[in-house]
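Everything on this sheet refers to the single structure shown next.
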Amino acid sequence: MTISHGDLTNQYKKKGYIILRKFIAKKRLAKILSEFKRIKCLKYSDRNGRIRRYEQFYDKTRELKNLNKEITRILKNLFKTDFVIFKDKLNLKPPGGEGFSAHYDGIFYFKIKYNKFKGWYKYASEFYNVLIPFDDCNKLNGTIQIANEDKKKFADLYKNTKKDGTPNLLKSFEKKKRFQNINLNIGDICLFSNRCAHRSNKNKSNSSR
């Protein structure tokens, strides 16, 4: 699938995120989701024992492999560089399921023995998030909220965080940001920079998402 990158790349440069509407067929996503019943991957549960997240699955089936190849091609068309997948996860949010605090992705320090590393920046200098909804996402069910990209280096971004080993933002800084509810339909895709502060609220609907 070829995408004209003119307006989209300009929008990305300005805001740090873009939305591609009606990108994936609903039937295809339904098939991918059904495959999770037989995929062996990492699973994480909440305090009530409900599965909240799957990880390390992107290459476990033909459909998932093809989807990954397709996404990397689109990214190359838009940004004129090659991409590799760094991290995959499937988040589930049951009714009443919690959201997540405002944060940047990868902006934290971690230690391995005597060495201290700059979070994700140990591995690369820039990261692009690809959000694919399997259900419609809106304010009621706790869709993601994204603020415009902070085009700064790690050290400057780190100053905005709690510096507690997580990438969570200081409440005083969070209050200064203008977050946008990203309403998505099944088949849409949202691309956003790891330097975009983002958060979500809990699922207040009666359906899982």
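Following the order of the structure tokens, first chain is A, next is B, and so on, with residues numbered from 1 inside each chain and ligands from 1 in the order they appear.
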
Within 10 Å of A:Leu42, counting only C-alpha atoms, which residues show up once you throw out same-chain ones fewer than 2 positions away? Write them as a PyMOL selection string, please. chain A and resi 39-40+44+53-57+89

Those residues with N, CA and C atoms, as a tab-separated table (two decimals), in the first residue's frame please?
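Listed below is the output, result12.tsv:
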```tsv
chain	number	residue	atom	x	y	z
A	39	ILE	N	-1.54	-18.38	20.49
A	39	ILE	CA	-0.17	-17.87	20.45
A	39	ILE	C	0.48	-18.02	21.83
A	40	LYS	N	1.71	-18.46	21.84
A	40	LYS	CA	2.47	-18.51	23.07
A	40	LYS	C	3.32	-17.24	23.16
A	44	TYR	N	0.55	-10.59	30.98
A	44	TYR	CA	0.59	-9.88	32.26
A	44	TYR	C	-0.84	-9.64	32.73
A	53	ARG	N	-2.19	-7.45	29.35
A	53	ARG	CA	-1.21	-7.16	28.30
A	53	ARG	C	-0.55	-8.44	27.78
A	54	TYR	N	-0.35	-8.46	26.46
A	54	TYR	CA	0.45	-9.49	25.80
A	54	TYR	C	1.69	-8.83	25.22
A	55	GLU	N	2.80	-9.57	25.20
A	55	GLU	CA	4.03	-9.06	24.58
A	55	GLU	C	4.74	-10.17	23.83
A	56	GLN	N	5.63	-9.75	22.91
A	56	GLN	CA	6.48	-10.66	22.14
A	56	GLN	C	5.66	-11.64	21.30
A	57	PHE	N	4.89	-11.08	20.38
A	57	PHE	CA	4.02	-11.90	19.54
A	57	PHE	C	4.06	-11.51	18.07
A	89	LYS	N	3.27	-4.85	22.04
A	89	LYS	CA	2.38	-5.18	23.15
A	89	LYS	C	0.93	-4.99	22.72
```

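Proximity to A:Lys176 at 12 Å, evaluated using only C-alpha atoms and with sequence-adjacent residues fewer than 5 positions away removed, yields Ala102, Ala147, Asn148, Asn160, Leu169, Leu170, Lys171 and Ala197 of chain A.
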
What does the distance between atom CA of A:Asn168 and atom CA of A:Ile107 come to in Å, to one decimal place?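 Computing it gives 8.5 Å between the two atoms.
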
Distance query stretch 184-191 of chain A at most 7 Å, only C-alpha atoms, self and fewer than 6 positions along chain excluded, as a ChimeraX atom specification: /A:17-26,128-138

Could you write out the selected residues, including N, CA, C and O atoms, as a short mmCIF file (atom, residue, chain, number, x, y, z; two decimals), in the first residue's frame?
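And here is the file that came out, again.cif:
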```cif
data_model
loop_
_atom_site.label_atom_id
_atom_site.label_comp_id
_atom_site.auth_asym_id
_atom_site.auth_seq_id
_atom_site.Cartn_x
_atom_site.Cartn_y
_atom_site.Cartn_z
N TYR A 17 2.46 13.60 15.85
CA TYR A 17 1.58 12.44 15.68
C TYR A 17 0.63 12.65 14.50
O TYR A 17 0.33 13.78 14.13
N ILE A 18 0.22 11.55 13.90
CA ILE A 18 -0.72 11.57 12.77
C ILE A 18 -1.64 10.36 12.89
O ILE A 18 -1.33 9.38 13.57
N ILE A 19 -2.79 10.45 12.22
CA ILE A 19 -3.75 9.34 12.20
C ILE A 19 -4.00 8.93 10.76
O ILE A 19 -4.27 9.79 9.90
N LEU A 20 -3.90 7.64 10.48
CA LEU A 20 -4.22 7.09 9.17
C LEU A 20 -5.57 6.40 9.30
O LEU A 20 -5.70 5.42 10.03
N ARG A 21 -6.56 6.91 8.61
CA ARG A 21 -7.92 6.38 8.75
C ARG A 21 -8.16 5.19 7.80
O ARG A 21 -7.67 5.17 6.68
N LYS A 22 -8.95 4.23 8.29
CA LYS A 22 -9.37 3.06 7.51
C LYS A 22 -8.19 2.37 6.85
O LYS A 22 -8.21 2.06 5.66
N PHE A 23 -7.18 2.11 7.63
CA PHE A 23 -5.94 1.54 7.11
C PHE A 23 -5.98 0.02 6.99
O PHE A 23 -5.44 -0.55 6.05
N ILE A 24 -6.62 -0.64 7.95
CA ILE A 24 -6.65 -2.10 7.98
C ILE A 24 -8.10 -2.58 7.98
O ILE A 24 -8.94 -2.05 8.70
N ALA A 25 -8.40 -3.61 7.19
CA ALA A 25 -9.76 -4.14 7.12
C ALA A 25 -10.16 -4.75 8.46
O ALA A 25 -9.36 -5.40 9.14
N LYS A 26 -11.41 -4.55 8.85
CA LYS A 26 -11.91 -5.05 10.12
C LYS A 26 -11.81 -6.58 10.20
O LYS A 26 -11.49 -7.14 11.25
N TYR A 128 9.26 5.58 17.05
CA TYR A 128 7.94 5.90 16.53
C TYR A 128 6.96 4.85 17.05
O TYR A 128 7.17 3.65 16.86
N ASN A 129 5.91 5.29 17.69
CA ASN A 129 4.88 4.38 18.18
C ASN A 129 3.81 4.17 17.11
O ASN A 129 3.41 5.13 16.44
N VAL A 130 3.36 2.95 16.97
CA VAL A 130 2.29 2.61 16.03
C VAL A 130 1.15 2.00 16.83
O VAL A 130 1.26 0.90 17.36
N LEU A 131 0.06 2.73 16.93
CA LEU A 131 -1.09 2.30 17.72
C LEU A 131 -2.18 1.78 16.79
O LEU A 131 -2.68 2.51 15.93
N ILE A 132 -2.55 0.50 16.95
CA ILE A 132 -3.57 -0.14 16.11
C ILE A 132 -4.73 -0.56 17.00
O ILE A 132 -4.58 -1.47 17.84
N PRO A 133 -5.89 0.07 16.90
CA PRO A 133 -7.03 -0.31 17.75
C PRO A 133 -7.78 -1.52 17.20
O PRO A 133 -8.06 -1.61 16.01
N PHE A 134 -8.11 -2.46 18.07
CA PHE A 134 -8.94 -3.60 17.71
C PHE A 134 -10.41 -3.35 18.04
O PHE A 134 -11.27 -4.14 17.68
N ASP A 135 -10.65 -2.27 18.76
CA ASP A 135 -12.01 -1.80 19.05
C ASP A 135 -12.03 -0.29 18.86
O ASP A 135 -10.98 0.36 18.88
N ASP A 136 -13.21 0.27 18.68
CA ASP A 136 -13.32 1.72 18.63
C ASP A 136 -12.84 2.29 19.96
O ASP A 136 -13.16 1.77 21.03
N CYS A 137 -12.08 3.38 19.89
CA CYS A 137 -11.51 4.00 21.09
C CYS A 137 -12.04 5.41 21.21
O CYS A 137 -11.97 6.20 20.26
N ASN A 138 -12.56 5.75 22.38
CA ASN A 138 -13.16 7.05 22.59
C ASN A 138 -12.98 7.48 24.05
O ASN A 138 -12.39 6.75 24.86
#
```

Within 12 Å of A:Arg178, counting only C-alpha atoms, which residues qualify if same-chain residues fewer than 4 places away don't, as a PyMOL selection string? chain A and resi 15+102+145-150+173-174+196-199

Could you give me, as a VMD selection string, each residue of chain A that DSSP assigns to strand (DSSP E or B) when run on this structure's backbone? chain A and resid 17 to 20 42 to 45 51 to 55 89 to 91 100 to 103 110 to 112 115 to 117 128 to 131 137 144 to 149 161 168 to 169 180 to 181 184 189 to 193 196 to 200

Which value, in Å to one decimal, gives the distance between atom CA of A:Tyr158 and atom CA of A:Lys122?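 Computed distance, atom CA of A:Tyr158 to atom CA of A:Lys122, equals 14.4 Å.
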
Choose the residue, out of A:Lys43, A:Lys113, A:Lys177, A:Lys139, that has the smallest atom-to-atom separation from A:Arg209; count only C-alpha atoms.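 Result for the nearest residue to A:Arg209: A:Lys139.
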
Just want the 8 Å neighbourhood of A:Glu98, counted on only C-alpha atoms, with same-chain residues fewer than 6 positions away dropped. Output as a list in words.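 Close residues of A:Glu98: Asn201, Lys202 and Asn203 of chain A.
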
Can I get the selection written as a PDB file, in the first residue's frame, with all heavy atoms?
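For reference, part.pdb as written:
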```pdb
ATOM      1  N   ASN A 201      -7.315   7.593  30.583  1.00  0.00           N
ATOM      2  CA  ASN A 201      -8.175   7.410  31.747  1.00  0.00           C
ATOM      3  C   ASN A 201      -8.703   5.982  31.784  1.00  0.00           C
ATOM      4  O   ASN A 201      -8.514   5.210  30.832  1.00  0.00           O
ATOM      5  CB  ASN A 201      -9.341   8.399  31.708  1.00  0.00           C
ATOM      6  CG  ASN A 201      -8.876   9.839  31.857  1.00  0.00           C
ATOM      7  OD1 ASN A 201      -7.956  10.121  32.623  1.00  0.00           O
ATOM      8  ND2 ASN A 201      -9.502  10.758  31.125  1.00  0.00           N
ATOM      9  N   LYS A 202      -9.404   5.618  32.847  1.00  0.00           N
ATOM     10  CA  LYS A 202      -9.928   4.264  32.948  1.00  0.00           C
ATOM     11  C   LYS A 202     -11.116   4.069  31.998  1.00  0.00           C
ATOM     12  O   LYS A 202     -11.708   5.036  31.513  1.00  0.00           O
ATOM     13  CB  LYS A 202     -10.334   3.949  34.380  1.00  0.00           C
ATOM     14  CG  LYS A 202     -11.567   4.672  34.895  1.00  0.00           C
ATOM     15  CD  LYS A 202     -11.880   4.209  36.312  1.00  0.00           C
ATOM     16  CE  LYS A 202     -13.145   4.839  36.852  1.00  0.00           C
ATOM     17  NZ  LYS A 202     -13.441   4.377  38.223  1.00  0.00           N
ATOM     18  N   ASN A 203     -11.432   2.827  31.756  1.00  0.00           N
ATOM     19  CA  ASN A 203     -12.555   2.466  30.888  1.00  0.00           C
ATOM     20  C   ASN A 203     -13.857   2.600  31.669  1.00  0.00           C
ATOM     21  O   ASN A 203     -14.145   1.806  32.563  1.00  0.00           O
ATOM     22  CB  ASN A 203     -12.361   1.024  30.392  1.00  0.00           C
ATOM     23  CG  ASN A 203     -13.465   0.583  29.445  1.00  0.00           C
ATOM     24  OD1 ASN A 203     -14.406   1.320  29.177  1.00  0.00           O
ATOM     25  ND2 ASN A 203     -13.337  -0.640  28.938  1.00  0.00           N
TER      26      ASN A 203
END
```

Looking at A:Ser207, A:Gln11, A:Ser200, A:Ser193, which one is nearest to A:Phe127, with distances taken over only C-alpha atoms?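 When distances to A:Phe127 are compared using only C-alpha atoms, the smallest one comes from A:Ser193.
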
I'd like the interatomic distance between atom CA of A:Gly97 and atom CA of A:Lys204, to a tenth of an Å.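 Atom CA of A:Gly97 sits 8.0 Å away from atom CA of A:Lys204.
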
Using only C-alpha atoms, pick whichever of A:Leu157, A:Ile85, A:Thr143, A:Lys152 has the shortest atom-to-atom distance to A:Asn183.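 Checking each candidate against A:Asn183, we get A:Thr143 as the closest.
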
Within stretch 7-190 of chain A, find each residue whose DSSP state, derived from the backbone, is alpha helix (DSSP H), and express the selection as an MDAnalysis selection string. chainID A and resid 7:15 26:35 62:79 154:158 171:174

For the residues selected in the previous step, produce a file with C-alpha atoms as a PDB file, in the first residue's frame.
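Done, and the output landed in part_30.pdb:
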```
ATOM      1  CA  ASP A   7       0.682  16.428   4.176  1.00  0.00           C
ATOM      2  CA  LEU A   8       1.150  13.587   6.659  1.00  0.00           C
ATOM      3  CA  THR A   9       4.871  14.171   7.182  1.00  0.00           C
ATOM      4  CA  ASN A  10       4.302  17.903   7.533  1.00  0.00           C
ATOM      5  CA  GLN A  11       1.641  17.251  10.154  1.00  0.00           C
ATOM      6  CA  TYR A  12       3.952  14.851  11.958  1.00  0.00           C
ATOM      7  CA  LYS A  13       6.771  17.412  11.973  1.00  0.00           C
ATOM      8  CA  LYS A  14       4.398  19.991  13.449  1.00  0.00           C
ATOM      9  CA  LYS A  15       2.590  17.910  16.081  1.00  0.00           C
ATOM     10  CA  LYS A  26     -11.910  -5.052  10.122  1.00  0.00           C
ATOM     11  CA  LYS A  27     -12.054  -8.717   9.094  1.00  0.00           C
ATOM     12  CA  ARG A  28      -8.271  -8.874   9.039  1.00  0.00           C
ATOM     13  CA  LEU A  29      -8.003  -7.430  12.529  1.00  0.00           C
ATOM     14  CA  ALA A  30     -10.653  -9.842  13.800  1.00  0.00           C
ATOM     15  CA  LYS A  31      -8.622 -12.742  12.398  1.00  0.00           C
ATOM     16  CA  ILE A  32      -5.437 -11.482  14.038  1.00  0.00           C
ATOM     17  CA  LEU A  33      -7.198 -11.079  17.371  1.00  0.00           C
ATOM     18  CA  SER A  34      -8.625 -14.591  17.213  1.00  0.00           C
ATOM     19  CA  GLU A  35      -5.101 -15.959  16.698  1.00  0.00           C
ATOM     20  CA  ARG A  62       1.760 -15.194   9.087  1.00  0.00           C
ATOM     21  CA  GLU A  63      -0.822 -12.417   9.482  1.00  0.00           C
ATOM     22  CA  LEU A  64       1.208 -10.709  12.193  1.00  0.00           C
ATOM     23  CA  LYS A  65       4.423 -10.984  10.186  1.00  0.00           C
ATOM     24  CA  ASN A  66       2.719  -9.477   7.137  1.00  0.00           C
ATOM     25  CA  LEU A  67       1.243  -6.669   9.232  1.00  0.00           C
ATOM     26  CA  ASN A  68       4.671  -5.811  10.650  1.00  0.00           C
ATOM     27  CA  LYS A  69       6.206  -5.734   7.148  1.00  0.00           C
ATOM     28  CA  GLU A  70       3.377  -3.530   5.926  1.00  0.00           C
ATOM     29  CA  ILE A  71       3.795  -1.063   8.756  1.00  0.00           C
ATOM     30  CA  THR A  72       7.563  -0.791   8.286  1.00  0.00           C
ATOM     31  CA  ARG A  73       7.008  -0.118   4.575  1.00  0.00           C
ATOM     32  CA  ILE A  74       4.557   2.671   5.372  1.00  0.00           C
ATOM     33  CA  LEU A  75       6.959   4.211   7.867  1.00  0.00           C
ATOM     34  CA  LYS A  76       9.722   4.141   5.272  1.00  0.00           C
ATOM     35  CA  ASN A  77       7.449   5.808   2.701  1.00  0.00           C
ATOM     36  CA  LEU A  78       6.571   8.541   5.173  1.00  0.00           C
ATOM     37  CA  PHE A  79       9.936   9.180   6.799  1.00  0.00           C
ATOM     38  CA  PHE A 154      16.947  13.239  26.460  1.00  0.00           C
ATOM     39  CA  ALA A 155      18.452  15.399  29.216  1.00  0.00           C
ATOM     40  CA  ASP A 156      15.853  18.139  28.740  1.00  0.00           C
ATOM     41  CA  LEU A 157      12.957  15.691  28.547  1.00  0.00           C
ATOM     42  CA  TYR A 158      14.212  13.911  31.654  1.00  0.00           C
ATOM     43  CA  LYS A 171       2.251  16.761  37.830  1.00  0.00           C
ATOM     44  CA  SER A 172       3.317  20.388  37.571  1.00  0.00           C
ATOM     45  CA  PHE A 173       4.566  19.792  34.015  1.00  0.00           C
ATOM     46  CA  GLU A 174       1.573  17.650  33.041  1.00  0.00           C
TER      47      GLU A 174
END
```

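Proximity to A:Pro95 was assessed for A:His5, A:Arg50, A:Lys163, A:Lys118 counting only C-alpha atoms; the smallest distance is recorded for A:Arg50.
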